[in-house]
Each structure stands twice: as structure tokens, then as C-alpha cells.
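Data from model18.pdb: PDB, C-alpha atoms, pLDDT in the B column
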```pdb
MODEL        1
ATOM      1  CA  MET A  18     -18.152  66.143  23.299  1.00 51.00           C
ATOM      2  CA  GLU A  19     -14.769  64.577  24.032  1.00 47.00           C
ATOM      3  CA  GLY A  20     -16.459  61.985  26.253  1.00 50.00           C
ATOM      4  CA  SER A  21     -18.806  61.043  23.420  1.00 55.00           C
ATOM      5  CA  ILE A  22     -15.898  60.562  21.018  1.00 53.00           C
ATOM      6  CA  ALA A  23     -13.985  58.460  23.549  1.00 49.00           C
ATOM      7  CA  LYS A  24     -17.056  56.309  24.148  1.00 51.00           C
ATOM      8  CA  HIS A  25     -17.495  55.849  20.383  1.00 53.00           C
ATOM      9  CA  LEU A  26     -13.853  54.854  19.987  1.00 47.00           C
ATOM     10  CA  LEU A  27     -14.119  52.403  22.878  1.00 48.00           C
ATOM     11  CA  ASN A  28     -17.197  50.786  21.353  1.00 54.00           C
ATOM     12  CA  SER A  29     -15.458  50.520  17.976  1.00 54.00           C
ATOM     13  CA  PHE A  30     -12.430  48.919  19.634  1.00 49.00           C
ATOM     14  CA  LEU A  31     -14.587  46.386  21.466  1.00 49.00           C
ATOM     15  CA  ILE A  32     -16.431  45.475  18.260  1.00 56.00           C
ATOM     16  CA  LEU A  33     -13.115  45.033  16.421  1.00 52.00           C
ATOM     17  CA  LEU A  34     -11.772  42.920  19.275  1.00 49.00           C
ATOM     18  CA  ALA A  35     -14.857  40.690  19.168  1.00 52.00           C
ATOM     19  CA  ILE A  36     -14.596  40.212  15.395  1.00 51.00           C
ATOM     20  CA  THR A  37     -10.890  39.349  15.663  1.00 54.00           C
ATOM     21  CA  SER A  38     -11.591  36.868  18.443  1.00 54.00           C
ATOM     22  CA  PHE A  39     -14.342  35.228  16.369  1.00 46.00           C
ATOM     23  CA  ILE A  40     -12.086  34.921  13.306  1.00 48.00           C
ATOM     24  CA  ASN A  41      -9.279  33.382  15.361  1.00 52.00           C
ATOM     25  CA  SER A  42     -11.717  30.980  17.000  1.00 48.00           C
ATOM     26  CA  SER A  43     -13.113  29.942  13.608  1.00 45.00           C
ATOM     27  CA  SER A  44      -9.623  29.398  12.214  1.00 45.00           C
ATOM     28  CA  ALA A  45      -8.734  27.206  15.163  1.00 42.00           C
ATOM     29  CA  ASP A  46     -11.862  25.122  14.693  1.00 42.00           C
ATOM     30  CA  THR A  47     -11.210  24.493  10.990  1.00 41.00           C
ATOM     31  CA  ARG A  48      -7.898  22.879  11.820  1.00 42.00           C
ATOM     32  CA  PHE A  49      -9.819  19.910  13.151  1.00 42.00           C
ATOM     33  CA  TYR A  50     -11.924  19.376  10.035  1.00 42.00           C
ATOM     34  CA  TYR A  51     -10.068  18.164   6.989  1.00 43.00           C
ATOM     35  CA  PRO A  52     -11.658  18.343   3.523  1.00 52.00           C
ATOM     36  CA  VAL A  53      -9.261  15.495   2.658  1.00 57.00           C
ATOM     37  CA  PRO A  54      -7.425  13.132   5.014  1.00 60.00           C
ATOM     38  CA  PRO A  55      -4.081  14.458   6.300  1.00 68.00           C
ATOM     39  CA  LYS A  56      -1.007  13.039   4.577  1.00 69.00           C
ATOM     40  CA  SER A  57      -0.128  10.839   7.558  1.00 86.00           C
ATOM     41  CA  VAL A  58      -3.500   9.097   7.273  1.00 93.00           C
ATOM     42  CA  SER A  59      -3.095   8.650   3.519  1.00 93.00           C
ATOM     43  CA  THR A  60       0.417   7.212   3.796  1.00 95.00           C
ATOM     44  CA  GLU A  61      -0.734   4.822   6.502  1.00 96.00           C
ATOM     45  CA  PHE A  62      -3.587   3.733   4.238  1.00 96.00           C
ATOM     46  CA  ILE A  63      -1.099   3.065   1.430  1.00 97.00           C
ATOM     47  CA  LYS A  64       1.231   1.139   3.740  1.00 96.00           C
ATOM     48  CA  THR A  65      -1.611  -1.003   5.083  1.00 96.00           C
ATOM     49  CA  SER A  66      -2.976  -1.670   1.592  1.00 97.00           C
ATOM     50  CA  CYS A  67       0.467  -2.539   0.245  1.00 97.00           C
ATOM     51  CA  SER A  68       1.062  -5.026   3.048  1.00 96.00           C
ATOM     52  CA  SER A  69      -1.317  -7.444   1.297  1.00 95.00           C
ATOM     53  CA  THR A  70       0.638  -7.332  -1.988  1.00 97.00           C
ATOM     54  CA  THR A  71       3.436  -9.719  -2.977  1.00 96.00           C
ATOM     55  CA  TYR A  72       6.040  -6.943  -2.962  1.00 97.00           C
ATOM     56  CA  PRO A  73       4.934  -4.545  -0.191  1.00 97.00           C
ATOM     57  CA  ARG A  74       8.135  -2.495   0.028  1.00 97.00           C
ATOM     58  CA  LEU A  75       8.131  -1.762  -3.706  1.00 97.00           C
ATOM     59  CA  CYS A  76       4.409  -1.055  -3.549  1.00 97.00           C
ATOM     60  CA  TYR A  77       4.789   1.506  -0.776  1.00 97.00           C
ATOM     61  CA  THR A  78       7.868   3.278  -2.146  1.00 97.00           C
ATOM     62  CA  SER A  79       6.324   3.604  -5.606  1.00 97.00           C
ATOM     63  CA  LEU A  80       3.040   5.041  -4.300  1.00 97.00           C
ATOM     64  CA  ALA A  81       3.834   6.977  -1.117  1.00 95.00           C
ATOM     65  CA  GLY A  82       4.739  10.075  -3.108  1.00 94.00           C
ATOM     66  CA  GLN A  83       1.149  10.232  -4.380  1.00 93.00           C
ATOM     67  CA  ALA A  84      -0.480  10.071  -0.946  1.00 94.00           C
ATOM     68  CA  GLY A  85      -2.137  13.460  -1.452  1.00 92.00           C
ATOM     69  CA  LEU A  86      -3.801  12.241  -4.618  1.00 93.00           C
ATOM     70  CA  ILE A  87      -4.702   8.767  -3.364  1.00 95.00           C
ATOM     71  CA  GLN A  88      -6.080   9.923   0.028  1.00 93.00           C
ATOM     72  CA  THR A  89      -7.812   6.801   1.401  1.00 94.00           C
ATOM     73  CA  SER A  90      -9.527   5.645  -1.786  1.00 95.00           C
ATOM     74  CA  PRO A  91      -9.015   2.016  -2.933  1.00 95.00           C
ATOM     75  CA  LYS A  92      -9.951   3.081  -6.461  1.00 95.00           C
ATOM     76  CA  LEU A  93      -7.441   5.945  -6.566  1.00 96.00           C
ATOM     77  CA  LEU A  94      -4.812   3.640  -5.080  1.00 97.00           C
ATOM     78  CA  ALA A  95      -5.334   1.023  -7.799  1.00 97.00           C
ATOM     79  CA  HIS A  96      -5.422   3.749 -10.435  1.00 97.00           C
ATOM     80  CA  ALA A  97      -2.135   5.230  -9.186  1.00 97.00           C
ATOM     81  CA  ALA A  98      -0.524   1.775  -9.142  1.00 98.00           C
ATOM     82  CA  LEU A  99      -1.450   1.313 -12.792  1.00 98.00           C
ATOM     83  CA  ASN A 100      -0.131   4.767 -13.693  1.00 97.00           C
ATOM     84  CA  VAL A 101       3.284   4.293 -12.070  1.00 97.00           C
ATOM     85  CA  THR A 102       3.558   0.843 -13.649  1.00 97.00           C
ATOM     86  CA  LEU A 103       2.740   2.261 -17.070  1.00 97.00           C
ATOM     87  CA  ALA A 104       5.309   5.056 -16.683  1.00 97.00           C
ATOM     88  CA  THR A 105       8.005   2.579 -15.639  1.00 96.00           C
ATOM     89  CA  ALA A 106       7.169   0.194 -18.486  1.00 95.00           C
ATOM     90  CA  LYS A 107       7.325   3.009 -21.048  1.00 95.00           C
ATOM     91  CA  SER A 108      10.677   4.306 -19.794  1.00 94.00           C
ATOM     92  CA  THR A 109      12.137   0.787 -19.763  1.00 92.00           C
ATOM     93  CA  SER A 110      10.865   0.192 -23.279  1.00 92.00           C
ATOM     94  CA  ALA A 111      12.658   3.353 -24.430  1.00 92.00           C
ATOM     95  CA  VAL A 112      15.919   2.168 -22.843  1.00 88.00           C
ATOM     96  CA  MET A 113      15.579  -1.242 -24.462  1.00 86.00           C
ATOM     97  CA  LEU A 114      14.904   0.290 -27.861  1.00 86.00           C
ATOM     98  CA  LYS A 115      18.071   2.347 -27.554  1.00 85.00           C
ATOM     99  CA  LEU A 116      20.093  -0.700 -26.506  1.00 80.00           C
ATOM    100  CA  SER A 117      18.706  -2.770 -29.367  1.00 78.00           C
ATOM    101  CA  LYS A 118      20.149  -0.271 -31.839  1.00 79.00           C
ATOM    102  CA  GLY A 119      23.577  -0.308 -30.238  1.00 72.00           C
ATOM    103  CA  SER A 120      26.425  -2.765 -30.359  1.00 68.00           C
ATOM    104  CA  GLY A 121      27.963  -5.163 -27.873  1.00 70.00           C
ATOM    105  CA  MET A 122      25.156  -7.736 -27.723  1.00 71.00           C
ATOM    106  CA  ASN A 123      25.479 -11.284 -28.952  1.00 73.00           C
ATOM    107  CA  PRO A 124      22.905 -12.688 -31.431  1.00 77.00           C
ATOM    108  CA  ARG A 125      20.925 -14.381 -28.663  1.00 76.00           C
ATOM    109  CA  GLU A 126      20.633 -11.124 -26.740  1.00 75.00           C
ATOM    110  CA  VAL A 127      19.555  -9.258 -29.879  1.00 78.00           C
ATOM    111  CA  GLU A 128      16.824 -11.805 -30.542  1.00 81.00           C
ATOM    112  CA  ALA A 129      15.705 -11.726 -26.906  1.00 81.00           C
ATOM    113  CA  MET A 130      15.650  -7.926 -26.976  1.00 84.00           C
ATOM    114  CA  GLN A 131      13.441  -7.822 -30.070  1.00 87.00           C
ATOM    115  CA  ASP A 132      11.044 -10.403 -28.644  1.00 89.00           C
ATOM    116  CA  CYS A 133      10.947  -8.572 -25.336  1.00 90.00           C
ATOM    117  CA  LEU A 134      10.198  -5.242 -26.976  1.00 92.00           C
ATOM    118  CA  GLU A 135       7.146  -6.803 -28.599  1.00 94.00           C
ATOM    119  CA  GLU A 136       6.015  -8.347 -25.330  1.00 94.00           C
ATOM    120  CA  LEU A 137       6.557  -5.080 -23.457  1.00 94.00           C
ATOM    121  CA  SER A 138       4.683  -3.139 -26.132  1.00 94.00           C
ATOM    122  CA  ASP A 139       1.716  -5.460 -25.598  1.00 96.00           C
ATOM    123  CA  ALA A 140       1.989  -5.007 -21.828  1.00 96.00           C
ATOM    124  CA  VAL A 141       2.042  -1.206 -22.143  1.00 97.00           C
ATOM    125  CA  ASP A 142      -1.055  -1.318 -24.335  1.00 97.00           C
ATOM    126  CA  GLU A 143      -2.871  -3.606 -21.883  1.00 97.00           C
ATOM    127  CA  ILE A 144      -2.027  -1.427 -18.892  1.00 97.00           C
ATOM    128  CA  ARG A 145      -3.080   1.697 -20.797  1.00 97.00           C
ATOM    129  CA  ARG A 146      -6.414   0.094 -21.670  1.00 96.00           C
ATOM    130  CA  SER A 147      -6.878  -0.868 -18.023  1.00 97.00           C
ATOM    131  CA  ILE A 148      -6.369   2.744 -16.964  1.00 97.00           C
ATOM    132  CA  GLY A 149      -8.917   3.851 -19.554  1.00 95.00           C
ATOM    133  CA  GLU A 150     -11.434   1.359 -18.213  1.00 94.00           C
ATOM    134  CA  MET A 151     -10.736   2.444 -14.629  1.00 94.00           C
ATOM    135  CA  ASP A 152     -11.706   5.990 -15.607  1.00 91.00           C
ATOM    136  CA  GLN A 153     -15.048   4.730 -16.953  1.00 92.00           C
ATOM    137  CA  ILE A 154     -16.094   2.625 -13.959  1.00 92.00           C
ATOM    138  CA  LYS A 155     -19.498   3.332 -12.426  1.00 89.00           C
ATOM    139  CA  ALA A 156     -21.993   1.339 -10.402  1.00 88.00           C
ATOM    140  CA  SER A 157     -23.912   0.084 -13.433  1.00 90.00           C
ATOM    141  CA  ASN A 158     -20.874  -1.402 -15.207  1.00 92.00           C
ATOM    142  CA  PHE A 159     -18.548  -2.143 -12.300  1.00 93.00           C
ATOM    143  CA  GLU A 160     -18.361  -5.930 -12.598  1.00 92.00           C
ATOM    144  CA  LEU A 161     -17.868  -5.924 -16.363  1.00 93.00           C
ATOM    145  CA  MET A 162     -15.208  -3.206 -16.270  1.00 94.00           C
ATOM    146  CA  MET A 163     -13.342  -4.814 -13.386  1.00 95.00           C
ATOM    147  CA  SER A 164     -13.333  -8.151 -15.181  1.00 95.00           C
ATOM    148  CA  ASP A 165     -11.772  -6.505 -18.241  1.00 95.00           C
ATOM    149  CA  ILE A 166      -9.188  -4.680 -16.127  1.00 97.00           C
ATOM    150  CA  GLN A 167      -8.194  -7.828 -14.241  1.00 97.00           C
ATOM    151  CA  THR A 168      -7.873  -9.742 -17.514  1.00 97.00           C
ATOM    152  CA  TRP A 169      -5.701  -7.088 -19.159  1.00 97.00           C
ATOM    153  CA  VAL A 170      -3.413  -6.577 -16.160  1.00 97.00           C
ATOM    154  CA  SER A 171      -2.994 -10.342 -15.831  1.00 97.00           C
ATOM    155  CA  ALA A 172      -2.108 -10.501 -19.536  1.00 97.00           C
ATOM    156  CA  ALA A 173       0.440  -7.688 -19.069  1.00 97.00           C
ATOM    157  CA  LEU A 174       2.031  -9.612 -16.213  1.00 96.00           C
ATOM    158  CA  THR A 175       2.285 -12.715 -18.418  1.00 96.00           C
ATOM    159  CA  ASP A 176       3.907 -10.672 -21.202  1.00 94.00           C
ATOM    160  CA  GLU A 177       6.445  -9.190 -18.794  1.00 93.00           C
ATOM    161  CA  THR A 178       7.311 -12.585 -17.326  1.00 92.00           C
ATOM    162  CA  THR A 179       7.802 -14.037 -20.807  1.00 91.00           C
ATOM    163  CA  CYS A 180      10.039 -11.086 -21.651  1.00 88.00           C
ATOM    164  CA  SER A 181      12.239 -11.493 -18.560  1.00 85.00           C
ATOM    165  CA  ASP A 182      12.570 -15.247 -19.138  1.00 83.00           C
ATOM    166  CA  GLY A 183      14.183 -14.519 -22.506  1.00 78.00           C
ATOM    167  CA  PHE A 184      17.133 -12.853 -20.756  1.00 73.00           C
ATOM    168  CA  GLU A 185      17.731 -15.483 -18.109  1.00 69.00           C
ATOM    169  CA  GLY A 186      21.390 -16.442 -18.083  1.00 64.00           C
ATOM    170  CA  ASN A 187      22.465 -13.649 -20.438  1.00 56.00           C
ATOM    171  CA  LYS A 188      25.310 -11.348 -19.445  1.00 58.00           C
ATOM    172  CA  VAL A 189      25.820  -7.586 -19.066  1.00 52.00           C
ATOM    173  CA  ASN A 190      23.022  -5.857 -21.050  1.00 63.00           C
ATOM    174  CA  GLY A 191      20.795  -8.909 -20.736  1.00 67.00           C
ATOM    175  CA  LYS A 192      21.006  -8.932 -16.945  1.00 76.00           C
ATOM    176  CA  MET A 193      20.408  -5.188 -16.752  1.00 79.00           C
ATOM    177  CA  VAL A 194      17.332  -5.429 -18.981  1.00 81.00           C
ATOM    178  CA  ARG A 195      16.017  -8.446 -17.113  1.00 84.00           C
ATOM    179  CA  SER A 196      16.268  -6.655 -13.761  1.00 89.00           C
ATOM    180  CA  ARG A 197      14.231  -3.771 -15.182  1.00 90.00           C
ATOM    181  CA  ILE A 198      11.584  -6.096 -16.605  1.00 92.00           C
ATOM    182  CA  VAL A 199      11.368  -8.041 -13.347  1.00 93.00           C
ATOM    183  CA  ASN A 200      10.805  -4.734 -11.524  1.00 95.00           C
ATOM    184  CA  ILE A 201       7.933  -3.885 -13.907  1.00 96.00           C
ATOM    185  CA  ALA A 202       6.467  -7.356 -13.411  1.00 96.00           C
ATOM    186  CA  HIS A 203       6.578  -6.882  -9.636  1.00 97.00           C
ATOM    187  CA  MET A 204       4.859  -3.498  -9.953  1.00 98.00           C
ATOM    188  CA  THR A 205       2.216  -5.042 -12.219  1.00 98.00           C
ATOM    189  CA  SER A 206       1.678  -7.834  -9.719  1.00 98.00           C
ATOM    190  CA  ASN A 207       1.169  -5.267  -6.975  1.00 98.00           C
ATOM    191  CA  ALA A 208      -1.232  -3.275  -9.135  1.00 98.00           C
ATOM    192  CA  LEU A 209      -3.267  -6.402  -9.819  1.00 98.00           C
ATOM    193  CA  SER A 210      -3.412  -7.163  -6.106  1.00 97.00           C
ATOM    194  CA  LEU A 211      -4.671  -3.642  -5.337  1.00 97.00           C
ATOM    195  CA  ILE A 212      -7.211  -3.919  -8.162  1.00 97.00           C
ATOM    196  CA  ASN A 213      -8.488  -7.184  -6.709  1.00 96.00           C
ATOM    197  CA  SER A 214      -8.713  -5.557  -3.271  1.00 96.00           C
ATOM    198  CA  TYR A 215     -10.700  -2.662  -4.733  1.00 95.00           C
ATOM    199  CA  ALA A 216     -13.039  -5.123  -6.462  1.00 94.00           C
ATOM    200  CA  SER A 217     -13.619  -7.027  -3.210  1.00 91.00           C
ATOM    201  CA  VAL A 218     -14.288  -3.851  -1.213  1.00 83.00           C
ATOM    202  CA  HIS A 219     -16.818  -2.670  -3.778  1.00 74.00           C
ATOM    203  CA  ALA A 220     -18.523  -6.060  -3.819  1.00 59.00           C
TER
ENDMDL
END
```
Translate the structure described by the file into C-alpha cells.
Amino acid sequence: MEGSIAKHLLNSFLILLAITSFINSSSADTRFYYPVPPKSVSTEFIKTSCSSTTYPRLCYTSLAGQAGLIQTSPKLLAHAALNVTLATAKSTSAVMLKLSKGSGMNPREVEAMQDCLEELSDAVDEIRRSIGEMDQIKASNFELMMSDIQTWVSAALTDETTCSDGFEGNKVNGKMVRSRIVNIAHMTSNALSLINSYASVHA
């Protein structure tokens, strides 16, 4: 009787050992199959893609934090570039609005600030519309949508450049605002470059 129990326990132990070994083996295998690219691959993709833009360092630093979202997708990369540009433009617009209501600016700076706020408002709207179009892209409307996106982002870049030109030579607040607008323009330029790259890859 005792021998039968011992044999039963031994068989149970061997079965348990086999199951454990199988589970461990399966877990080890899954480490080599990624449902999404590992972060190192995604960041390298971003760095390589940004190297073709006019401002590669700014491009990489503004997008590297979203590597997990972007993965290795040219579309997601362009989409992320538009999103970070929009966020930066909106925050800068808020700062400018606050400054425009304060004191310490000369009449020329006040006028430039008001003009720039209008230009930046247009740019924000154009970038937002581009993001909306990017969400709607599919094979059947790709060329039309991409044409619209490229047109709107180019228009936003023109608006931002016009805005920054209005502060050229101004002091203190003017220089601070201009540096922010120039940064947005550089981000927009990078976004447009990544959009064009996405369009060429799809074509």
C-alpha cells in the first residue's frame, strides 16, 4: 500500500516538473517575439527618420519620449510630430496672450504681439486640421488627404515665420517671444519633412 502511494506521489511530482519545465521554456521563447518593436528599435527609427529633417536634434528630442507609441510607423511618427507641434504652439499662444495683457512693452511690440497672436491662431487651426485629416487617411483617399495636410502644414509654417519676423530687432519680451515662435516654426518644418517622407514611402 505504502509503495503504491509513493509511486503515485512520484508520478505526480514528475508530471508537475514537466509542466513547470514547459511553462519556463514557453516563457523563454516569448522573449524573442515582440508584439511591438522594442524601445531601442523604435528610438533608432526615430533618430534615423529625424536625420533627414532640417532640425534633426530638435526632431529627435521632441519625439523620442513617444517611441513606444510611434514604434516604427512613418504615419505614427508624422502624427506624433504634428501633435507635439500643436501642443507647443498652443502653450506659446497662451504665454503670448498673457504677455499682451501686461505692461512693459512698447507700442511696436504690442502691435507685433497682436499680429502674431492672429498668425499663431491660424497656425494652430491649420495644424489641428492636419491632425484630423491624418486620422482619416485610408488607401482610397490617401493622395487627396496628404495633399491637404501638406498644404495646411506649409501654411502654418508661413504663418509662424511671418509672426517671428514681426519681433525681429525687438528687445526683452519681443526676443523671448520670437525665440518661442522660431522653435515652433522649426518643429513645424520637421513635421512637414516627416509628412513628406511618409507620403513618399506610401507612394
Practice task
May I have the residues within 10 Å of stretch 78-95 of chain A as an NGL selection string, using only C-alpha atoms and disregarding those fewer than 3 positions away in the same chain?
Solution key: :A and (53-64 or 66-67 or 73-75 or 98-102 or 148 or 151-152 or 154 or 204 or 207-216 or 218-219)
The PyMOL selection byres ((chain A and resi 194-199) around 10) on the file shown: which residues, as a compact mmCIF listing (two decimals) with C-alpha atoms, keeping the file's coordinate frame?
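Result file follows (expr.txt):
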```txt
# COMPACT_ATOMS: atom_id res chain seq x y z
CA THR A 105 8.01 2.58 -15.64
CA ALA A 106 7.17 0.19 -18.49
CA SER A 108 10.68 4.31 -19.79
CA THR A 109 12.14 0.79 -19.76
CA SER A 110 10.86 0.19 -23.28
CA VAL A 112 15.92 2.17 -22.84
CA MET A 113 15.58 -1.24 -24.46
CA LEU A 116 20.09 -0.70 -26.51
CA MET A 130 15.65 -7.93 -26.98
CA CYS A 133 10.95 -8.57 -25.34
CA LEU A 137 6.56 -5.08 -23.46
CA LEU A 174 2.03 -9.61 -16.21
CA GLU A 177 6.44 -9.19 -18.79
CA THR A 178 7.31 -12.58 -17.33
CA THR A 179 7.80 -14.04 -20.81
CA CYS A 180 10.04 -11.09 -21.65
CA SER A 181 12.24 -11.49 -18.56
CA ASP A 182 12.57 -15.25 -19.14
CA GLY A 183 14.18 -14.52 -22.51
CA PHE A 184 17.13 -12.85 -20.76
CA GLU A 185 17.73 -15.48 -18.11
CA GLY A 186 21.39 -16.44 -18.08
CA ASN A 187 22.46 -13.65 -20.44
CA LYS A 188 25.31 -11.35 -19.44
CA VAL A 189 25.82 -7.59 -19.07
CA ASN A 190 23.02 -5.86 -21.05
CA GLY A 191 20.80 -8.91 -20.74
CA LYS A 192 21.01 -8.93 -16.94
CA MET A 193 20.41 -5.19 -16.75
CA ASN A 200 10.80 -4.73 -11.52
CA ILE A 201 7.93 -3.88 -13.91
CA ALA A 202 6.47 -7.36 -13.41
CA HIS A 203 6.58 -6.88 -9.64
CA MET A 204 4.86 -3.50 -9.95
CA THR A 205 2.22 -5.04 -12.22
```
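Counting from atom CA of A:Glu136, the distance to atom CA of A:Lys107 is 12.2 Å.
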Problem - Distance in Å - atom CA of A:Asp165 versus atom CA of A:Asp142 - result: 13.4 Å
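Using only C-alpha atoms, the smallest distance between any of A:Ile166, A:Cys76, A:Val141, A:Ala173 and A:Gln153 comes from A:Ile166.
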Please complete stretch 151-174 of chain A with N, CA, C and O atoms and give it back as a PDB file, keeping the file's coordinate frame.
```
ATOM      1  N   MET A 151     -10.602   1.993 -16.014  1.00 94.00           N
ATOM      2  CA  MET A 151     -10.736   2.444 -14.629  1.00 94.00           C
ATOM      3  C   MET A 151     -11.409   3.813 -14.572  1.00 94.00           C
ATOM      4  O   MET A 151     -12.199   4.103 -13.671  1.00 94.00           O
ATOM      5  N   ASP A 152     -11.106   4.646 -15.551  1.00 91.00           N
ATOM      6  CA  ASP A 152     -11.706   5.990 -15.607  1.00 91.00           C
ATOM      7  C   ASP A 152     -13.207   5.942 -15.911  1.00 91.00           C
ATOM      8  O   ASP A 152     -13.926   6.900 -15.640  1.00 91.00           O
ATOM      9  N   GLN A 153     -13.650   4.843 -16.519  1.00 92.00           N
ATOM     10  CA  GLN A 153     -15.048   4.730 -16.953  1.00 92.00           C
ATOM     11  C   GLN A 153     -15.927   3.944 -15.980  1.00 92.00           C
ATOM     12  O   GLN A 153     -17.121   3.771 -16.219  1.00 92.00           O
ATOM     13  N   ILE A 154     -15.339   3.460 -14.897  1.00 92.00           N
ATOM     14  CA  ILE A 154     -16.094   2.625 -13.959  1.00 92.00           C
ATOM     15  C   ILE A 154     -17.205   3.417 -13.272  1.00 92.00           C
ATOM     16  O   ILE A 154     -17.010   4.539 -12.825  1.00 92.00           O
ATOM     17  N   LYS A 155     -18.385   2.802 -13.210  1.00 89.00           N
ATOM     18  CA  LYS A 155     -19.498   3.332 -12.426  1.00 89.00           C
ATOM     19  C   LYS A 155     -20.296   2.146 -11.903  1.00 89.00           C
ATOM     20  O   LYS A 155     -20.027   0.996 -12.262  1.00 89.00           O
ATOM     21  N   ALA A 156     -21.261   2.423 -11.065  1.00 88.00           N
ATOM     22  CA  ALA A 156     -21.993   1.339 -10.402  1.00 88.00           C
ATOM     23  C   ALA A 156     -22.642   0.383 -11.393  1.00 88.00           C
ATOM     24  O   ALA A 156     -22.648  -0.832 -11.186  1.00 88.00           O
ATOM     25  N   SER A 157     -23.163   0.903 -12.486  1.00 90.00           N
ATOM     26  CA  SER A 157     -23.912   0.084 -13.433  1.00 90.00           C
ATOM     27  C   SER A 157     -23.041  -0.863 -14.259  1.00 90.00           C
ATOM     28  O   SER A 157     -23.533  -1.860 -14.786  1.00 90.00           O
ATOM     29  N   ASN A 158     -21.736  -0.548 -14.379  1.00 92.00           N
ATOM     30  CA  ASN A 158     -20.874  -1.402 -15.207  1.00 92.00           C
ATOM     31  C   ASN A 158     -19.673  -1.946 -14.439  1.00 92.00           C
ATOM     32  O   ASN A 158     -18.715  -2.442 -15.036  1.00 92.00           O
ATOM     33  N   PHE A 159     -19.717  -1.839 -13.121  1.00 93.00           N
ATOM     34  CA  PHE A 159     -18.548  -2.143 -12.300  1.00 93.00           C
ATOM     35  C   PHE A 159     -17.996  -3.546 -12.553  1.00 93.00           C
ATOM     36  O   PHE A 159     -16.800  -3.720 -12.811  1.00 93.00           O
ATOM     37  N   GLU A 160     -18.837  -4.551 -12.481  1.00 92.00           N
ATOM     38  CA  GLU A 160     -18.361  -5.930 -12.598  1.00 92.00           C
ATOM     39  C   GLU A 160     -17.741  -6.208 -13.969  1.00 92.00           C
ATOM     40  O   GLU A 160     -16.690  -6.853 -14.066  1.00 92.00           O
ATOM     41  N   LEU A 161     -18.378  -5.720 -15.014  1.00 93.00           N
ATOM     42  CA  LEU A 161     -17.868  -5.924 -16.363  1.00 93.00           C
ATOM     43  C   LEU A 161     -16.525  -5.225 -16.555  1.00 93.00           C
ATOM     44  O   LEU A 161     -15.570  -5.819 -17.087  1.00 93.00           O
ATOM     45  N   MET A 162     -16.445  -3.970 -16.132  1.00 94.00           N
ATOM     46  CA  MET A 162     -15.208  -3.206 -16.270  1.00 94.00           C
ATOM     47  C   MET A 162     -14.077  -3.831 -15.461  1.00 94.00           C
ATOM     48  O   MET A 162     -12.943  -3.965 -15.941  1.00 94.00           O
ATOM     49  N   MET A 163     -14.373  -4.228 -14.237  1.00 95.00           N
ATOM     50  CA  MET A 163     -13.342  -4.814 -13.386  1.00 95.00           C
ATOM     51  C   MET A 163     -12.842  -6.129 -13.963  1.00 95.00           C
ATOM     52  O   MET A 163     -11.644  -6.432 -13.903  1.00 95.00           O
ATOM     53  N   SER A 164     -13.732  -6.896 -14.550  1.00 95.00           N
ATOM     54  CA  SER A 164     -13.333  -8.151 -15.181  1.00 95.00           C
ATOM     55  C   SER A 164     -12.361  -7.887 -16.330  1.00 95.00           C
ATOM     56  O   SER A 164     -11.339  -8.590 -16.475  1.00 95.00           O
ATOM     57  N   ASP A 165     -12.658  -6.878 -17.136  1.00 95.00           N
ATOM     58  CA  ASP A 165     -11.772  -6.505 -18.241  1.00 95.00           C
ATOM     59  C   ASP A 165     -10.412  -6.055 -17.719  1.00 95.00           C
ATOM     60  O   ASP A 165      -9.362  -6.453 -18.236  1.00 95.00           O
ATOM     61  N   ILE A 166     -10.427  -5.216 -16.696  1.00 97.00           N
ATOM     62  CA  ILE A 166      -9.188  -4.680 -16.127  1.00 97.00           C
ATOM     63  C   ILE A 166      -8.323  -5.809 -15.577  1.00 97.00           C
ATOM     64  O   ILE A 166      -7.117  -5.872 -15.834  1.00 97.00           O
ATOM     65  N   GLN A 167      -8.939  -6.704 -14.814  1.00 97.00           N
ATOM     66  CA  GLN A 167      -8.194  -7.828 -14.241  1.00 97.00           C
ATOM     67  C   GLN A 167      -7.604  -8.718 -15.335  1.00 97.00           C
ATOM     68  O   GLN A 167      -6.466  -9.190 -15.218  1.00 97.00           O
ATOM     69  N   THR A 168      -8.352  -8.920 -16.399  1.00 97.00           N
ATOM     70  CA  THR A 168      -7.873  -9.742 -17.514  1.00 97.00           C
ATOM     71  C   THR A 168      -6.684  -9.087 -18.192  1.00 97.00           C
ATOM     72  O   THR A 168      -5.667  -9.741 -18.473  1.00 97.00           O
ATOM     73  N   TRP A 169      -6.774  -7.791 -18.458  1.00 97.00           N
ATOM     74  CA  TRP A 169      -5.701  -7.088 -19.159  1.00 97.00           C
ATOM     75  C   TRP A 169      -4.437  -6.974 -18.310  1.00 97.00           C
ATOM     76  O   TRP A 169      -3.323  -7.133 -18.826  1.00 97.00           O
ATOM     77  N   VAL A 170      -4.593  -6.695 -17.024  1.00 97.00           N
ATOM     78  CA  VAL A 170      -3.413  -6.577 -16.160  1.00 97.00           C
ATOM     79  C   VAL A 170      -2.748  -7.939 -15.990  1.00 97.00           C
ATOM     80  O   VAL A 170      -1.522  -8.039 -15.969  1.00 97.00           O
ATOM     81  N   SER A 171      -3.557  -8.981 -15.900  1.00 97.00           N
ATOM     82  CA  SER A 171      -2.994 -10.342 -15.831  1.00 97.00           C
ATOM     83  C   SER A 171      -2.226 -10.675 -17.109  1.00 97.00           C
ATOM     84  O   SER A 171      -1.151 -11.283 -17.067  1.00 97.00           O
ATOM     85  N   ALA A 172      -2.775 -10.267 -18.249  1.00 97.00           N
ATOM     86  CA  ALA A 172      -2.108 -10.501 -19.536  1.00 97.00           C
ATOM     87  C   ALA A 172      -0.792  -9.722 -19.600  1.00 97.00           C
ATOM     88  O   ALA A 172       0.219 -10.236 -20.101  1.00 97.00           O
ATOM     89  N   ALA A 173      -0.787  -8.495 -19.092  1.00 97.00           N
ATOM     90  CA  ALA A 173       0.440  -7.688 -19.069  1.00 97.00           C
ATOM     91  C   ALA A 173       1.505  -8.365 -18.220  1.00 97.00           C
ATOM     92  O   ALA A 173       2.687  -8.406 -18.593  1.00 97.00           O
ATOM     93  N   LEU A 174       1.092  -8.917 -17.096  1.00 96.00           N
ATOM     94  CA  LEU A 174       2.031  -9.612 -16.213  1.00 96.00           C
ATOM     95  C   LEU A 174       2.628 -10.834 -16.913  1.00 96.00           C
ATOM     96  O   LEU A 174       3.832 -11.107 -16.799  1.00 96.00           O
TER      97      LEU A 174
END
```
